[in-house]
Each structure stands twice: as C-alpha cells, then as structure tokens.
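Okay, upload-v7.txt now, which holds compact mmCIF, C-alpha atoms:
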# COMPACT_ATOMS: atom_id res chain seq x y z
CA MET A 1 110.18 88.03 99.91
CA HIS A 2 108.14 88.80 102.99
CA ILE A 3 107.52 86.16 105.61
CA SER A 4 103.92 86.15 106.80
CA GLU A 5 102.70 86.11 110.33
CA GLY A 6 102.42 82.80 112.13
CA VAL A 7 105.05 80.98 110.08
CA LEU A 8 108.15 81.42 112.20
CA SER A 9 108.89 80.29 115.74
CA THR A 10 109.32 82.79 118.56
CA SER A 11 113.08 82.28 118.79
CA VAL A 12 113.57 83.12 115.10
CA LEU A 13 111.30 86.17 115.41
CA PHE A 14 113.18 87.28 118.51
CA THR A 15 116.60 86.91 116.88
CA GLY A 16 115.42 88.86 113.85
CA ALA A 17 114.03 91.63 116.04
CA ILE A 18 117.24 91.97 118.06
CA LEU A 19 119.41 92.10 114.94
CA SER A 20 117.12 94.65 113.33
CA ILE A 21 117.02 96.87 116.39
CA ALA A 22 120.83 96.93 116.39
CA GLY A 23 120.83 97.84 112.70
CA LEU A 24 118.15 100.48 113.22
CA ALA A 25 120.05 102.11 116.06
CA LEU A 26 123.22 102.18 113.99
CA GLY A 27 121.37 103.49 110.94
CA LEU A 28 119.52 106.25 112.77
CA ARG A 29 122.76 107.48 114.32
CA ARG A 30 124.42 107.69 110.90
CA ILE A 31 121.67 109.73 109.24
CA ARG A 32 122.45 113.42 108.93
CA ASN A 33 119.55 115.82 108.63
CA ALA A 34 120.44 116.62 105.04
CA ASP A 35 120.18 112.92 104.12
CA ILE A 36 116.60 112.51 105.31
CA PRO A 37 114.83 113.47 102.05
CA LYS A 38 116.95 110.86 100.26
CA VAL A 39 116.09 108.26 102.90
CA ALA A 40 112.39 109.12 102.57
CA VAL A 41 112.43 108.83 98.77
CA LEU A 42 114.14 105.45 99.00
CA SER A 43 111.67 104.31 101.68
CA SER A 44 108.80 104.99 99.33
CA ALA A 45 110.65 103.48 96.38
CA PHE A 46 111.08 100.32 98.44
CA PHE A 47 107.44 100.50 99.51
CA VAL A 48 106.05 100.60 95.97
CA ALA A 49 108.65 98.28 94.44
CA SER A 50 106.97 95.34 96.16
CA LEU A 51 103.88 95.91 94.02
CA ILE A 52 105.75 95.28 90.81
CA HIS A 53 105.30 91.60 90.30
CA ILE A 54 107.17 89.69 87.71
CA PRO A 55 105.63 86.35 86.79
CA ILE A 56 108.25 83.62 86.66
CA GLY A 57 107.03 80.20 85.65
CA PRO A 58 104.34 78.98 88.02
CA SER A 59 105.25 81.42 90.77
CA SER A 60 105.95 85.11 90.79
CA ALA A 61 108.18 87.48 92.66
CA HIS A 62 108.30 91.19 93.10
CA LEU A 63 110.99 93.81 93.03
CA VAL A 64 112.67 94.56 96.35
CA LEU A 65 115.23 97.27 95.49
CA ASN A 66 117.16 96.62 98.68
CA GLY A 67 120.42 96.76 96.72
CA LEU A 68 119.64 100.25 95.48
CA VAL A 69 118.56 101.39 98.94
CA GLY A 70 121.74 99.92 100.41
CA VAL A 71 124.11 101.44 97.86
CA LEU A 72 122.65 104.91 98.35
CA LEU A 73 122.18 104.80 102.12
CA GLY A 74 124.64 102.41 103.75
CA TRP A 75 123.58 101.71 107.33
CA ALA A 76 120.63 104.08 106.92
CA ALA A 77 119.10 101.32 104.76
CA PHE A 78 117.86 99.78 108.02
CA PRO A 79 115.51 102.60 109.08
CA SER A 80 114.58 103.28 105.47
CA ILE A 81 113.53 99.69 104.77
CA PHE A 82 111.96 99.35 108.20
CA VAL A 83 109.58 102.26 107.57
CA GLY A 84 108.74 100.83 104.13
CA LEU A 85 108.05 97.40 105.65
CA ILE A 86 105.80 98.77 108.41
CA LEU A 87 103.61 100.40 105.79
CA GLN A 88 103.63 97.34 103.56
CA ALA A 89 102.46 95.30 106.53
CA LEU A 90 99.78 97.80 107.54
CA VAL A 91 98.51 98.79 104.10
CA PHE A 92 99.00 95.69 101.96
CA GLN A 93 99.30 93.04 104.70
CA PHE A 94 102.59 91.97 103.16
CA GLY A 95 104.59 90.23 105.83
CA GLY A 96 103.28 91.15 109.24
CA LEU A 97 104.01 93.14 112.35
CA THR A 98 105.49 90.24 114.29
CA THR A 99 107.78 89.32 111.40
CA LEU A 100 108.98 92.91 110.93
CA GLY A 101 112.28 92.18 112.63
CA VAL A 102 113.12 89.15 110.51
CA ASN A 103 111.97 90.81 107.29
CA THR A 104 113.84 94.04 108.02
CA PHE A 105 117.08 92.21 108.70
CA ALA A 106 116.72 89.91 105.70
CA MET A 107 116.27 92.85 103.35
CA ALA A 108 118.33 95.64 104.92
CA MET A 109 121.44 93.69 105.89
CA PRO A 110 122.26 92.65 102.28
CA GLY A 111 121.88 96.32 101.34
CA VAL A 112 124.46 97.31 103.92
CA VAL A 113 126.76 94.48 102.82
CA VAL A 114 126.68 95.52 99.16
CA TYR A 115 127.24 99.14 100.16
CA PHE A 116 130.56 98.26 101.73
CA ALA A 117 131.44 95.64 99.13
CA PHE A 118 130.91 97.84 96.07
CA LYS A 119 131.56 101.31 97.50
CA LYS A 120 134.94 101.49 95.79
CA PHE A 121 133.58 100.50 92.37
CA ILE A 122 130.81 103.06 92.52
CA LYS A 123 133.20 105.88 93.38
CA LYS A 124 135.25 105.17 90.22
CA GLY A 125 134.54 106.02 86.56
CA ARG A 126 131.22 105.60 84.80
CA ASN A 127 131.68 102.08 83.44
CA THR A 128 133.13 100.68 86.64
CA ALA A 129 130.35 102.39 88.60
CA PHE A 130 127.72 100.79 86.34
CA ILE A 131 129.19 97.33 86.83
CA GLY A 132 129.44 97.98 90.57
CA GLY A 133 125.77 98.99 90.62
CA VAL A 134 124.68 95.90 88.69
CA LEU A 135 126.64 93.61 90.99
CA ALA A 136 125.35 95.39 94.10
CA GLY A 137 121.70 95.23 92.99
CA ALA A 138 121.93 91.58 92.00
CA SER A 139 123.90 90.29 94.97
CA ALA A 140 121.65 92.06 97.48
CA ILE A 141 118.68 90.05 96.18
CA ILE A 142 120.61 86.79 96.27
CA LEU A 143 121.81 87.47 99.82
CA SER A 144 118.24 88.29 100.88
CA ALA A 145 116.97 85.05 99.36
CA VAL A 146 119.61 83.16 101.35
CA LEU A 147 118.72 84.98 104.59
CA ILE A 148 114.99 84.32 104.11
CA SER A 149 115.76 80.66 103.46
CA ILE A 150 117.74 80.52 106.70
CA ALA A 151 114.82 82.08 108.58
CA LEU A 152 112.48 79.47 107.09
CA LEU A 153 114.90 76.65 107.78
CA GLU A 154 113.07 75.57 110.90
CA THR A 155 109.63 75.50 109.27
CA GLU A 156 110.45 74.11 105.86
CA LYS A 157 112.84 71.37 107.03
CA SER A 158 114.84 71.01 103.80
CA PHE A 159 117.12 74.02 103.42
CA ILE A 160 118.32 73.03 99.95
CA GLY A 161 114.73 72.74 98.75
CA ILE A 162 113.52 76.09 99.98
CA ALA A 163 116.73 77.92 99.14
CA GLY A 164 116.63 76.36 95.67
CA THR A 165 113.10 77.56 94.90
CA PHE A 166 113.81 80.94 96.39
CA LEU A 167 116.98 81.50 94.43
CA ALA A 168 115.47 80.20 91.19
CA VAL A 169 112.51 82.56 91.49
CA HIS A 170 114.70 85.50 92.44
CA LEU A 171 117.45 85.13 89.84
CA PRO A 172 115.48 87.09 87.20
CA ILE A 173 114.62 89.65 89.88
CA ALA A 174 118.31 89.92 90.75
CA LEU A 175 119.11 90.56 87.09
CA ILE A 176 116.42 93.23 86.70
CA GLU A 177 117.38 94.96 89.92
CA GLY A 178 121.04 94.83 89.03
CA ILE A 179 120.32 96.70 85.81
CA ILE A 180 118.05 99.22 87.58
CA THR A 181 120.66 99.85 90.27
CA GLY A 182 123.41 100.18 87.66
CA PHE A 183 121.49 102.82 85.71
CA VAL A 184 120.44 104.74 88.82
CA VAL A 185 124.05 104.83 90.02
CA VAL A 186 125.31 106.12 86.66
CA TYR A 187 122.48 108.65 86.44
CA LEU A 188 123.12 109.97 89.94
CA LYS A 189 126.81 110.16 89.21
CA LYS A 190 126.04 112.52 86.37
CA VAL A 191 123.26 114.58 87.96
CA LYS A 192 123.89 114.53 91.67
CA PRO A 193 127.21 112.89 92.55
CA GLU A 194 126.99 113.90 96.22
CA ALA A 195 123.98 111.57 96.60
CA LEU A 196 126.34 108.62 96.22
CA GLY A 197 128.25 109.89 99.28
CA MET B 1 114.39 122.81 92.50
CA LYS B 2 116.47 120.06 90.96
CA LYS B 3 115.86 117.94 94.04
CA THR B 4 112.09 118.29 93.89
CA LEU B 5 112.11 117.50 90.20
CA PHE B 6 114.17 114.41 90.92
CA ILE B 7 111.73 113.23 93.57
CA ILE B 8 108.71 113.85 91.37
CA LEU B 9 110.36 112.02 88.50
CA PHE B 10 111.22 109.10 90.76
CA VAL B 11 107.70 108.70 92.08
CA PHE B 12 106.25 109.14 88.61
CA ILE B 13 108.43 106.41 87.14
CA PHE B 14 107.35 104.06 89.85
CA GLN B 15 103.70 104.81 89.41
CA SER B 16 103.93 104.09 85.71
CA LEU B 17 105.84 100.90 86.38
CA ILE B 18 103.07 99.76 88.71
CA VAL B 19 100.42 100.42 86.09
CA LEU B 20 102.52 98.48 83.61
CA PHE B 21 103.14 95.43 85.74
CA TYR B 22 100.17 95.44 88.07
CA SER B 23 97.73 94.84 85.26
CA VAL B 24 99.66 91.90 83.84
CA SER B 25 100.70 90.18 87.03
CA THR B 26 99.19 86.73 87.21
CA GLU B 27 99.98 85.88 90.74
CA ALA B 28 100.81 87.94 93.73
CA HIS B 29 102.15 87.98 97.16
CA LYS B 30 99.54 87.99 99.83
CA VAL B 31 97.18 85.07 100.18
CA SER B 32 93.59 85.57 101.33
CA ALA B 33 90.66 83.26 101.84
CA TYR B 34 86.91 83.54 101.97
CA VAL B 35 85.07 80.72 103.69
CA TYR B 36 81.40 80.09 104.44
CA ARG B 37 79.11 77.29 105.52
CA GLU B 38 76.33 75.68 103.61
CA GLY B 39 74.57 73.15 105.77
CA ASP B 40 77.23 70.74 107.01
CA LYS B 41 79.46 71.65 104.10
CA VAL B 42 82.20 74.26 104.37
CA ILE B 43 83.03 76.02 101.12
CA GLY B 44 86.01 78.27 100.61
CA GLU B 45 87.92 80.20 98.04
CA CYS B 46 91.57 81.08 98.22
CA TYR B 47 93.10 83.87 96.19
CA PHE B 48 96.09 86.17 95.89
CA VAL B 49 96.11 89.88 96.45
CA ASP B 50 95.22 90.63 92.82
CA GLY B 51 92.30 88.22 92.85
CA ALA B 52 94.10 85.40 91.04
CA PRO B 53 93.23 81.95 92.40
CA CYS B 54 95.62 80.14 94.70
CA LYS B 55 95.90 76.82 92.87
CA ASN B 56 96.68 73.42 94.36
CA SER B 57 97.42 74.86 97.74
CA LYS B 58 97.17 72.89 100.95
CA VAL B 59 94.30 73.79 103.28
CA GLU B 60 94.35 72.81 106.94
CA VAL B 61 91.35 73.03 109.21
CA TYR B 62 91.66 73.22 112.99
CA ASP B 63 88.90 72.95 115.55
CA LYS B 64 88.41 75.10 118.64
CA GLU B 65 90.97 73.12 120.63
CA GLY B 66 93.57 73.53 117.90
CA ARG B 67 93.42 69.96 116.64
CA LYS B 68 93.74 69.44 112.91
CA ILE B 69 90.49 67.89 111.72
CA VAL B 70 90.62 68.17 107.93
CA GLU B 71 93.34 68.60 105.37
CA THR B 72 92.46 69.26 101.74
CA VAL B 73 93.82 70.90 98.59
CA THR B 74 92.44 73.74 96.48
CA ASP B 75 91.49 73.07 92.86
CA GLU B 76 92.48 74.98 89.72
CA LYS B 77 90.12 77.82 90.60
CA GLY B 78 91.37 78.10 94.16
CA ASN B 79 88.16 76.59 95.57
CA PHE B 80 87.93 73.97 98.25
CA SER B 81 85.16 72.34 100.25
CA PHE B 82 84.76 69.69 102.88
CA LYS B 83 82.06 68.20 105.04
CA THR B 84 82.14 68.51 108.77
CA SER B 85 79.67 67.98 111.58
CA ASN B 86 81.70 70.33 113.76
CA LYS B 87 79.55 73.39 114.39
CA ASP B 88 82.07 75.17 116.62
CA GLU B 89 84.48 77.84 115.53
CA LEU B 90 86.88 76.55 112.87
CA LYS B 91 90.25 77.94 111.93
CA ILE B 92 91.24 77.53 108.29
CA VAL B 93 94.94 77.88 107.55
CA ILE B 94 96.38 78.04 104.07
CA PRO B 95 100.16 77.60 104.11
CA ALA B 96 100.96 78.73 100.57
CA GLY B 97 104.66 77.98 100.96
CA GLU B 98 107.76 80.19 100.84
CA GLY B 99 106.72 81.91 104.03
CA HIS B 100 103.21 82.80 102.85
CA ARG B 101 100.20 81.91 104.90
CA ALA B 102 96.56 82.88 105.21
CA GLU B 103 94.25 82.34 108.13
CA TYR B 104 90.48 82.51 108.30
CA THR B 105 88.29 82.02 111.33
CA LEU B 106 84.90 80.58 110.55
CA ALA B 107 82.38 81.55 113.19
CA ALA B 108 80.51 78.86 115.12
CA LEU B 109 77.01 77.98 114.01
CA GLU B 110 74.63 79.20 116.64
CA GLN B 111 72.72 76.09 117.46
CA VAL B 112 70.40 77.79 119.93
CA THR B 113 68.92 80.18 117.40
CA ALA B 114 68.72 77.42 114.85
CA LYS B 115 66.65 75.36 117.29
CA ASN B 116 64.44 78.33 118.07
CA GLU B 117 63.81 78.90 114.42
CA ILE B 118 62.88 75.30 113.91
CA LYS B 119 60.48 75.50 116.83
CA LYS B 120 58.96 78.67 115.46
CA THR B 121 58.54 77.29 111.96
CA GLY B 122 57.12 74.21 113.57
CA THR B 123 54.41 76.10 115.47
CA GLN B 124 53.78 78.37 112.53
CA GLN B 125 53.37 75.37 110.36
CA SER B 126 50.83 73.79 112.70
CA ARG B 127 48.97 77.10 113.02
CA GLN B 128 48.91 77.49 109.27
CA ALA B 129 47.82 73.93 108.98
CA GLN B 130 44.98 74.58 111.40
CA GLU B 131 43.92 77.71 109.56
CA LEU B 132 43.93 75.93 106.29
CA LYS B 133 42.20 73.05 107.97
CA LEU B 134 44.79 70.70 106.62
CA PRO B 135 45.84 67.66 108.51
CA GLU B 136 49.30 68.31 109.93
CA SER B 137 50.69 65.11 108.58
CA LEU B 138 50.25 66.37 105.01
CA ILE B 139 53.28 68.65 105.28
CA ASN B 140 56.17 66.85 106.75
CA LYS B 141 58.35 69.04 108.96
CA ASP B 142 61.53 67.87 107.32
CA GLU B 143 60.16 68.45 103.88
CA LEU B 144 59.11 71.97 104.77
CA ARG B 145 62.51 72.66 106.23
CA GLN B 146 64.13 71.45 103.04
CA ILE B 147 61.87 73.61 100.88
CA ILE B 148 62.68 76.66 102.98
CA ASN B 149 66.38 75.87 102.84
CA GLU B 150 66.31 75.56 99.08
CA ALA B 151 64.42 78.82 98.65
CA MET B 152 66.81 80.57 101.03
CA ASP B 153 69.85 79.16 99.26
CA SER B 154 68.78 80.46 95.87
CA LYS B 155 67.92 83.85 97.36
CA LEU B 156 71.16 84.06 99.29
CA GLN B 157 73.32 82.98 96.39
CA GLY B 158 73.37 86.49 94.93
CA LEU B 159 74.15 88.01 98.30
CA GLN B 160 76.86 85.43 98.89
CA ASN B 161 78.53 86.35 95.59
CA GLU B 162 78.26 90.02 96.38
CA VAL B 163 79.89 89.54 99.78
CA ARG B 164 82.67 87.53 98.17
CA ASN B 165 83.30 90.23 95.59
CA ILE B 166 83.39 92.94 98.21
CA ARG B 167 85.79 90.91 100.32
CA LYS B 168 88.03 90.38 97.32
CA GLN B 169 88.02 94.09 96.61
CA LEU B 170 88.96 94.78 100.21
CA ASP B 171 91.82 92.33 100.01
CA THR B 172 93.25 93.66 96.78
CA ILE B 173 95.40 96.73 96.56
CA ASN B 174 94.09 99.94 95.12
CA TYR B 175 95.62 103.26 94.26
CA ARG B 176 94.44 104.93 97.43
CA ASP B 177 96.51 102.49 99.46
CA ILE B 178 99.64 103.11 97.41
CA ILE B 179 99.46 106.89 97.41
CA GLY B 180 98.39 106.94 101.05
CA GLY B 181 101.34 104.72 101.94
CA ILE B 182 103.81 107.01 100.20
CA GLY B 183 102.25 109.94 102.04
CA TYR B 184 102.71 108.19 105.38
CA ILE B 185 106.35 107.46 104.60
CA PHE B 186 107.11 111.08 103.86
CA GLY B 187 105.18 112.06 106.98
CA VAL B 188 107.19 109.66 109.16
CA TRP B 189 110.50 110.88 107.76
CA GLY B 190 109.39 114.48 108.06
CA LEU B 191 108.69 113.86 111.73
CA ILE B 192 112.09 112.23 112.22
CA MET B 193 113.71 115.20 110.49
CA MET B 194 111.86 117.61 112.72
CA LEU B 195 112.88 115.79 115.89
CA LYS B 196 116.49 115.53 114.74
CA GLY B 197 116.51 119.20 113.81
CA LYS B 198 115.29 120.16 117.26
CA LYS B 199 117.99 118.07 118.88
CA ASN B 200 120.67 119.75 116.80
CA ALA B 201 119.34 123.22 117.58
CA SER B 202 119.28 122.72 121.34

Will you turn the file into structure tokens for me?
Amino acid sequence: MHISEGVLSTSVLFTGAILSIAGLALGLRRIRNADIPKVAVLSSAFFVASLIHIPIGPSSAHLVLNGLVGVLLGWAAFPSIFVGLILQALVFQFGGLTTLGVNTFAMAMPGVVVYFAFKKFIKKGRNTAFIGGVLAGASAIILSAVLISIALLETEKSFIGIAGTFLAVHLPIALIEGIITGFVVVYLKKVKPEALG
Amino acid sequence: MKKTLFIILFVFIFQSLIVLFYSVSTEAHKVSAYVYREGDKVIGECYFVDGAPCKNSKVEVYDKEGRKIVETVTDEKGNFSFKTSNKDELKIVIPAGEGHRAEYTLAALEQVTAKNEIKKTGTQQSRQAQELKLPESLINKDELRQIINEAMDSKLQGLQNEVRNIRKQLDTINYRDIIGGIGYIFGVWGLIMMLKGKKNAS
C-alpha cells in the first residue's frame, strides 16, 4: 500500500505532506505521557505488519493494521503510523522519504475516521464491540485503498481501473484485518479496558 | 508487570506471524533491479524484496538527457535484455504498477580506458609476435580481442553471479532489519516521552 518514490507529481506530494503535518500536529498534542508506550507498541506493530504478505491471485498485498492503530489511538494514529513509515522507508525501502506525507495520510486518516465512526460500538458490550472492531479494521483498509487510488489518479489515468485492482487485492486483507481488530478489541476489553479509552 | 507481558506477547505474536508468512510469500512489495553490460548488450534482472522474479513488467530505459531510448518487458524469470550502442550513463526504470517503481543507474562505459587497453594489448601482441618471431599478420587483432573477451566472460561469469546474489541479499529483508527497526521505534517514542515529560515538569 506504499507509493514508491518518483511516481507522484510534486503537487500531490505537497498536498499529502501538508495534510499529514496537520494530522501529526493534532496527534502529538492529543498524546498524554501515559499513552506513549501504547503508541510505541502500535508503531512497531504497524512496522512489522507490512512484512506479512498474503498472496492473492497474481499479486500480493500485506497487512497494514491501520484500523487497529486508529481504533486504539484516535488522532495519535498519525504520529504512530508516521514513525512506522519512516522506518519502513529507511530499513525496507518501502515507500520512500518524499512520499512519506502521502503515505502517512493515506494510512493514518482512515484510522482516525474509523476511530470516530466505531467508537460507540467499541464502548458497548462484547459482541457489539467485536462487530465494531471488525467493521473498523475492514473499512480502514478500504478507505486507504481509495485514498491511494486518488493519489495515483494523476499517474495511472484511469481511476476505475486502479481503484478496482487496489480494492480487489485488498478485500481479503480487509477481511483478515477486520477479524484481527475485532479480536484485539475484545481481548483488550477483558484484560485492559482503559486501553480502549 | 501486566503491561510488559502484554508488550512481549504482542511482539512475539508478530514475530511468529512473520516467520509463518514470510517463508510462503510468493511476491512482495519492493521492486529491485540488477543490471549489467555485456559488450553492447545490456542484461538485467528484476525481482521483489523476497527474491521472487518480477514477471512481465515494463522496463523503460532513459539516456543521459532523459530521453526514453528503449522500452521492453521482463520475461517469466524477471530477466530482460536489449542492445544499445549508447555507452553513456543509462537510467533503467521499472514501473511495476500500483505505485511501485524501481530505478537503476547503469554507469557509463569508460571509452578512454577501453581504448588504452586495446592499444596496450596491441603493442603487447606485436612485442610477443616479435619475440616469437611470428609474422604479425598471423594473429589478427580482432580475433585476439575476441579470444580475450571470451576467456574473460567465462571467468567473470562466476563473479557476476556472486555479485548478483550479494545484491539480492542486500535487497531482501532479514531479521536484523526487523528487530533493529522495532528497536528504533521504541527509541524514538522513548525520546518523545522524555521530552514531553520534561515539558510537563517545568
């Protein structure tokens, strides 16, 4: 789900950077000191998740876990994912330093959106929380796929084409991540309910 | 205590998941290329981060001025080759689609040294010819050059493969990278925590 260096035009990169900086500023202001270990754990979860590839037909995609990060962190998903992305770019050469802004926004913003959309579900009983988690995990991936397609719109010309392939490849990922997020939410509810804030 | 246990468990689950999936993944995310020259032929190999070939992918070649000179496609093994008389620096771009892209800069052939070498082999050849008291016309310069080239090619083949393997290893992800990356993340957040803590205290 990372866009490599040299694919996007300067204006797209610039827009992505501005949006991400706004998100980062907002996220950093929201983080309390006590939340930082949680943010760090989710940063590294996000960092390693990208190495778990799931072969789908001729192509393959990897886990993103932005839904999980979003549900647990809210706006703090921005700095958390940003740190994970910097290291993915430096260590694995996934994405790139110039595309950091676009990639951060495309992955963190859906996390924030699902946080607000499913907050109420997750605060309720176990079953409702599980369903909320599944929906949050799955819709974050789909939203990210849409955002990445929009970013690639200029380069790939046919939006329907690129969005189609992207969504098709990421539907199984959305399903898997939905289930992961659902279980994590239920587990945290039992073990450490304050983590769901 | 519970918190630490939770963190350890989390990281452990992820590590095992990686082992599980990493070994079976057939295709991966990052695209890399390895390109070299052989005479006027340019040969390249294109592969994903786990070493799997990048099949049927478009390959674009640009010259020093940024003009596209060749466009070709990789085969089933991710290999491609093309002929070019352009000895300058070449830029090989592999747009693998969906926002993926690899770039490789092929260094210019140094014509000056090549000429020098030819001159040297030329004089050596004539000296040898004199020593052996052979008429110079018996060994054609071009023939000799070809013989040397062939001998060099077969000798260099092993080295070429070795370089390719090392490059592939460098491009693929290993455990050190993963664990190191996690370490960096905790370090960065530790630093942020420290700075925030200081601000709160003052």

Need to verify the contact set: region 71-79 of chain A, 10 Å, all atoms listed in the file, exclusion of same-chain residues closer than 2 positions in sequence. Can you return it as a PyMOL selection string? (chain A and resi 20-32+35-36+38-40+42-43+66-69+81-85+104-105+107-119+122+132-133+136-137+140+181+184-185+188+195-197) or (chain B and resi 189)

Could you check the closest approach to chain B for each of A:Thr128, A:Ser44, A:Thr10, A:Ser144 and tell me which residue wins, using all atoms listed in the file?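 Checking each of A:Thr128, A:Ser44, A:Thr10, A:Ser144 against chain B, counting all atoms listed in the file, the winner is A:Ser44.
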
Distance cut-off 9 Å, counting only C-alpha atoms - which residues of chain A neighbour chain B? Return them as a PyMOL selection string. chain A and resi 1-8+32-34+36-41+43-45+47-55+58-62+80+83-84+87-88+91-95+148-149+152+155-156+162+165-166

One decimal, Å: what's the distance from CA of Thr99 (chain A) over to CA of Phe14 (chain A), could you say?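 It comes out at 9.2 Å.
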
May I ask for the distance between CA of Ser154 (chain B) and CA of Glu38 (chain B), given in Å to one decimal place?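 Result for CA of Ser154 (chain B) versus CA of Glu38 (chain B): 11.8 Å, one decimal.
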
So how far away is CA of Asn103 (chain A) from CA of Ser139 (chain A), in Å?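 We find that CA of Ser139 (chain A) and CA of Asn103 (chain A) lie 17.2 Å from each other.
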
Between A:Ala151, A:Ala145, A:Ile176, A:Val64, which is the closest to Ser11 (chain A) once you count only C-alpha atoms?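 The shortest atom-to-atom distance to Ser11 (chain A) comes from A:Ala151.
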